[in-house]
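What follows is a set of notes on a single structure, which appears directly below.
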Amino acid sequence: MGAKLFLNILYNISIILCVILIYWSINHQRYDWTAAGVFIIVITIFLKIRLAKEVRALQKK
């Protein structure tokens, strides 16, 4: 369970860093970086939802 908590923290840090990346890239007109940041956020949120479902299933058992 501790590993899942650590993974959740890493996902949160990843999302925060990607938001900063997107903000920076829009200000500097680097739209390829913006697309990469959005792509990484989408994948991270998908993985975070899967992790939450897995933790809920473990708590029910």
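We label chains A, B, ... in the order they appear in the structure tokens, count residues from 1 in each chain, and number ligands from 1 in the order shown.
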With only C-alpha atoms as the counted atoms, please give the residues lying no more than 8 Å from Val19 in chain A, apart from itself and same-chain residues fewer than 4 positions off, as a PyMOL selection string.
chain A and resi 15+23+37
For the selection just defined, write its residues with N, CA, C and O atoms to a file, as a PDB file, in the first residue's frame.
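The resulting part-v6.pdb:
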```
ATOM      1  N   ILE A  15       1.904  15.752 -12.872  1.00  0.00           N
ATOM      2  CA  ILE A  15       0.855  16.643 -13.369  1.00  0.00           C
ATOM      3  C   ILE A  15       1.231  18.101 -13.122  1.00  0.00           C
ATOM      4  O   ILE A  15       1.089  18.951 -14.016  1.00  0.00           O
ATOM      5  N   TYR A  23       2.470  25.987 -19.394  1.00  0.00           N
ATOM      6  CA  TYR A  23       2.451  27.443 -19.216  1.00  0.00           C
ATOM      7  C   TYR A  23       3.692  28.076 -19.852  1.00  0.00           C
ATOM      8  O   TYR A  23       3.591  29.055 -20.588  1.00  0.00           O
ATOM      9  N   GLY A  37       3.206  18.083 -23.310  1.00  0.00           N
ATOM     10  CA  GLY A  37       2.742  18.245 -21.934  1.00  0.00           C
ATOM     11  C   GLY A  37       1.305  17.786 -21.755  1.00  0.00           C
ATOM     12  O   GLY A  37       0.970  17.112 -20.777  1.00  0.00           O
TER      13      GLY A  37
END
```
Residues near Thr44 in chain A, cut-off 9 Å, only C-alpha atoms, skip fewer than 2 positions along chain, as a PDB file with C-alpha atoms, in the first residue's frame:
```pdb
ATOM      1  CA  TYR A  11       1.627  11.160 -10.483  1.00  0.00           C
ATOM      2  CA  ASN A  12       0.698  14.403  -8.712  1.00  0.00           C
ATOM      3  CA  SER A  14       4.133  14.818 -12.816  1.00  0.00           C
ATOM      4  CA  ILE A  15       0.855  16.643 -13.369  1.00  0.00           C
ATOM      5  CA  PHE A  39      -0.268  14.172 -23.805  1.00  0.00           C
ATOM      6  CA  ILE A  40       1.672  13.357 -20.636  1.00  0.00           C
ATOM      7  CA  ILE A  41      -1.066  14.885 -18.442  1.00  0.00           C
ATOM      8  CA  VAL A  42      -3.736  12.789 -20.151  1.00  0.00           C
ATOM      9  CA  PHE A  46      -5.583   7.880 -16.858  1.00  0.00           C
ATOM     10  CA  LEU A  47      -3.016   5.991 -14.767  1.00  0.00           C
ATOM     11  CA  LYS A  48      -4.084   7.880 -11.634  1.00  0.00           C
ATOM     12  CA  ILE A  49      -7.711   6.843 -12.158  1.00  0.00           C
TER      13      ILE A  49
END
```
Nearest candidate to Ile9 in chain A (options A:Leu51, A:Ala57, A:Ala35, A:Ile26; using only C-alpha atoms)
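Using only C-alpha atoms, Ile9 in chain A sits closest to A:Leu51.
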Do a neighbour search on Trp24 in chain A at 10 Å with only C-alpha atoms, toss out local chain neighbours closer than 5 positions, and write the hits as a VMD selection string.
chain A and resid 18 to 19 29 to 30 33 to 34
Interatomic distance between CA of Ile20 in chain A and CA of Met1 in chain A?
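Going from CA of Ile20 in chain A over to CA of Met1 in chain A, I get 29.2 Å.
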At what distance in Å, to one decimal, does CA of Asn8 in chain A lie from CA of Arg56 in chain A?
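Atom-to-atom, CA of Arg56 in chain A and CA of Asn8 in chain A are spaced 13.5 Å apart.
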Any idea what the distance is between CA of Ile16 in chain A and CA of Val55 in chain A?
22.2 Å
